[in-house]
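**Q** Mind having a look at this structure? Questions to follow.
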Amino acid sequence: MKKLAGLILSTAMVVSMVSGCGVGGSSGSASKSQALSDGVLTVGTNAEFPPFEYVGDDGEPDGFDIALIKAVGEELGVKVVVENMDFDSLVSAIGSKIDVAIAGMTVTEERKQSVDFSESYFDAVQHVLVPAGSDISSKDDLVGKKIGVQLGTTGDFLVEDIEGATAQQYNKAVDAVNDLVNGRVDAVIVDSNPAGVFAKNFEGAIKDLDGADFGFEVENYAIAIPKGDSELKTAIDNALKKLKENGTYDELVKKYI
C-alpha cells in the first residue's frame, strides 16, 4: 500500500485501511509472509524417497531434504515442523495443512499452476530399475511393459509417453521395487539417487539403468511455496543462497548424497 504524504485521513478511513491489510496479503513488500508470521514453518514431505527423505532410526523424517529445510529454518529464525504425508497430496495441502513442501519435487509447468517454487537446489534425472537378468536397455524396450511408479511423481508422468506401457502406481517407491523383485512389474522408473539406494539394497536382484539412455531429461528439485507468496519465496531463496555460500549445503550433500 502506498503512503500519500500530506494526506489527512479521517479516523473512519484509517480504521478501514487497517482492517483491509491482513498479514500475508499482496499489498506491499513490507508485509510479512503469513507462513513465517507465527515463527513456525510447517513443512510437508513424503519420507519414502531416500536419500532425500526417509524415516530415521528415531521414527522421524530424515534425509538431505529434511536437513536442508531445517537449515533454511535456522536462517529464517523459525521453527521447522515436518509433516509426513503421501507425495500425491503435498501440492494440494500447501497453504492449508502445510506452509511449504520439500520432497525431491521436480519443478513442472503443471505444478506451477498451483504453487510457486524456490530456486532449484538439486538437479536429477530419472533412472530405470529392472531385474538383474532383464534385456531392457532403451525406451523402445519399455513399450507394452508394466512399469512401477510412485503416484504423482515424474516417473508416473513419463509412462504416459511410452507406447502401450501401463503404469502400476504405488504410494511408496519401495513397494514398486519390491514388486519388481517379485516379478509383478517389468521395470520401475524413479529418480537417480533413490534408484542407487534401491539397487544397493537389492544388490544382485535388480540393476540400475541411466535414464539418459532412455531419453529422460535433467530435472530441477525445488521447494514448493504457496502461490503468490513472494515474501516467502524471497526469504527461502536468500537462505538457500547463503547455505551454498557458507558451505552448509556442500556438507549436507557429502553427508546424505
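In the C-alpha cells, chains take the letters A, B, ... in the order shown, each chain's residues start at 1, and ligands count up from 1 in the order shown.
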I'd like to know which residues of range 80-257 of chain A are helix (DSSP H, G or I) (by DSSP, run on the backbone); could you write them as an MDAnalysis selection string?

**A** chainID A and resid 87:93 109:112 139:142 154:161 173:181 192:201 211:214 230:245 248:256

**Q** Compile the contact shell of Leu142 in chain A as a list in words: residues with an atom at most 12 Å away, counting only C-alpha atoms, same-chain residues fewer than 3 positions apart removed.

**A** Val128, Leu129, Val130, Ser134, Asp135, Ile136, Ser137, Ser138, Lys139, Lys145, Lys146, Ile147, Gly148, Leu158, Val159, Glu160, Asp161, Ile162, Glu163, Gly164, Ala165, Thr166, Ala167, Val185, Asp186, Ala187, Val188, Ile189 and Phe214 of chain A

**Q** Could you please take those selected residues and save C-alpha atoms as a PDB file, in the first residue's frame?

**A**
ATOM      1  CA  VAL A 128      15.097 -47.251 -14.721  1.00  0.00           C
ATOM      2  CA  LEU A 129      15.334 -50.237 -12.395  1.00  0.00           C
ATOM      3  CA  VAL A 130      14.947 -53.664 -13.991  1.00  0.00           C
ATOM      4  CA  SER A 134      16.469 -58.222 -17.970  1.00  0.00           C
ATOM      5  CA  ASP A 135      17.449 -57.212 -21.513  1.00  0.00           C
ATOM      6  CA  ILE A 136      15.714 -53.821 -21.217  1.00  0.00           C
ATOM      7  CA  SER A 137      18.201 -51.103 -22.183  1.00  0.00           C
ATOM      8  CA  SER A 138      16.264 -48.367 -24.020  1.00  0.00           C
ATOM      9  CA  LYS A 139      12.916 -46.611 -24.130  1.00  0.00           C
ATOM     10  CA  LYS A 145       5.592 -53.168 -20.358  1.00  0.00           C
ATOM     11  CA  LYS A 146       4.104 -52.836 -16.874  1.00  0.00           C
ATOM     12  CA  ILE A 147       6.097 -50.128 -15.128  1.00  0.00           C
ATOM     13  CA  GLY A 148       6.070 -49.403 -11.403  1.00  0.00           C
ATOM     14  CA  LEU A 158       6.757 -40.406 -18.145  1.00  0.00           C
ATOM     15  CA  VAL A 159       4.919 -43.700 -18.562  1.00  0.00           C
ATOM     16  CA  GLU A 160       2.181 -41.798 -20.410  1.00  0.00           C
ATOM     17  CA  ASP A 161       4.671 -41.197 -23.250  1.00  0.00           C
ATOM     18  CA  ILE A 162       5.691 -44.834 -23.592  1.00  0.00           C
ATOM     19  CA  GLU A 163       3.608 -46.651 -26.192  1.00  0.00           C
ATOM     20  CA  GLY A 164       1.448 -49.407 -24.764  1.00  0.00           C
ATOM     21  CA  ALA A 165       3.064 -49.196 -21.336  1.00  0.00           C
ATOM     22  CA  THR A 166       0.963 -49.489 -18.190  1.00  0.00           C
ATOM     23  CA  ALA A 167       1.746 -47.553 -15.027  1.00  0.00           C
ATOM     24  CA  VAL A 185       6.234 -55.368 -12.785  1.00  0.00           C
ATOM     25  CA  ASP A 186       8.796 -55.275 -15.602  1.00  0.00           C
ATOM     26  CA  ALA A 187      10.575 -52.069 -14.580  1.00  0.00           C
ATOM     27  CA  VAL A 188      10.456 -49.163 -12.152  1.00  0.00           C
ATOM     28  CA  ILE A 189      11.075 -45.524 -13.039  1.00  0.00           C
ATOM     29  CA  PHE A 214      16.095 -43.652 -22.280  1.00  0.00           C
TER      30      PHE A 214
END

**Q** Do a neighbour search on Asp62 in chain A at 10 Å with only C-alpha atoms, toss out local chain neighbours closer than 3 positions, and write the hits as JSON, numbers by chain.

**A** {"A": [47, 50, 51, 52, 53, 54, 55, 56, 57, 58, 59, 65, 66, 67, 82, 256]}

**Q** Applying 12 Å and only C-alpha atoms, which residues near Ala71 in chain A remain after dropping the ones on its own chain fewer than 6 positions away? List them as a ChimeraX atom specification.

**A** /A:41,64-65,77-80,236,239-244,246-249,251-252

**Q** Write the residues you've just listed into a file as a short mmCIF file (atom, residue, chain, number, x, y, z; two decimals), in the first residue's frame, and include C-alpha atoms for each of them.

**A**
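For reference, part.cif as written:
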data_model
loop_
_atom_site.label_atom_id
_atom_site.label_comp_id
_atom_site.auth_asym_id
_atom_site.auth_seq_id
_atom_site.Cartn_x
_atom_site.Cartn_y
_atom_site.Cartn_z
CA LEU A 41 7.29 -23.25 9.23
CA PHE A 64 19.02 -34.47 2.69
CA ASP A 65 15.80 -32.51 2.11
CA GLY A 77 14.77 -17.75 12.52
CA VAL A 78 11.72 -20.03 12.59
CA LYS A 79 10.99 -23.48 13.99
CA VAL A 80 10.55 -26.17 11.34
CA ILE A 236 13.79 -19.05 1.19
CA ALA A 239 18.51 -18.66 2.78
CA LEU A 240 19.41 -21.29 0.15
CA LYS A 241 21.96 -18.91 -1.38
CA LYS A 242 23.58 -18.30 2.00
CA LEU A 243 23.71 -22.04 2.78
CA LYS A 244 25.52 -22.64 -0.51
CA ASN A 246 28.84 -20.76 3.67
CA GLY A 247 29.47 -24.43 2.89
CA THR A 248 26.47 -25.87 4.73
CA TYR A 249 24.89 -27.14 1.51
CA GLU A 251 28.32 -30.55 3.92
CA LEU A 252 24.77 -31.90 3.63
#

**Q** Here is a test: counting only C-alpha atoms, which residue of A:Val72, A:Val91, A:Val197, A:Leu209 is nearest to Thr108 in chain A?

**A**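 Closest candidate: A:Val91.
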
**Q** Report the closest atom pair, with its distance in Å rounded to one decimal, for each residue of range 83-127 of chain A that has an atom no farther than 9 Å from range 152-156 of chain A; count only C-alpha atoms, sort by chain and then rising residue number, and write it as a tab-separated table.

**A**
residue	atom	partner	partner_atom	distance
A:Phe87	CA	A:Gly152	CA	6.8
A:Asp88	CA	A:Gly152	CA	5.0
A:Ser89	CA	A:Gly152	CA	8.6
A:Met105	CA	A:Thr153	CA	7.9
A:Thr106	CA	A:Thr154	CA	7.3
A:Gln126	CA	A:Gly155	CA	7.1
A:His127	CA	A:Gly155	CA	8.9

**Q** What does the distance between CA of Met85 in chain A and CA of Ser114 in chain A come to in Å, to one decimal place?

**A** 18.2 Å

**Q** Just want the 12 Å neighbourhood of Phe198 in chain A, counted on only C-alpha atoms, with same-chain residues fewer than 2 positions away dropped. Output as a ChimeraX atom specification.

**A** /A:48-51,127-130,173-178,180-181,188-196,200-208

**Q** Need the shell around Ile102 in chain A: protein/DNA/RNA residues with any atom at most 7 Å away, counting only C-alpha atoms. Skip same-chain ones fewer than 4 positions apart. Format as a list in words?

**A**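 Skipping anything fewer than 4 positions along the chain leaves Gly44, Thr45, Asp65, Ile223 and Ala224 of chain A.
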
**Q** Next, dump the selected residues to file, keeping only C-alpha atoms, as a short mmCIF file (atom, residue, chain, number, x, y, z; two decimals), in the first residue's frame.

**A**
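Okay, this is what ended up in out-v4.cif:
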data_model
loop_
_atom_site.label_atom_id
_atom_site.label_comp_id
_atom_site.auth_asym_id
_atom_site.auth_seq_id
_atom_site.Cartn_x
_atom_site.Cartn_y
_atom_site.Cartn_z
CA GLY A 44 5.22 -31.35 4.14
CA THR A 45 7.30 -34.26 2.85
CA ASP A 65 15.80 -32.51 2.11
CA ILE A 223 10.76 -26.17 -2.51
CA ALA A 224 7.05 -25.71 -3.26
#

**Q** Using DSSP on the backbone coordinates, identify the residues of range 79-207 of chain A assigned to strand (DSSP E or B); present them as number ranges by chain.

**A** A: 79-84, 94, 98, 100-101, 106, 115-117, 122-124, 126-131, 146-150, 166-170, 187-191, 203, 206-207

**Q** Excluding range 233-235 of chain A and any residue of its chain fewer than 2 positions from it, enumerate the residues within 8 Å of it, using only C-alpha atoms, and give them as an NGL selection string.

**A** :A and (76 or 116-118 or 225 or 229-231 or 237-239)
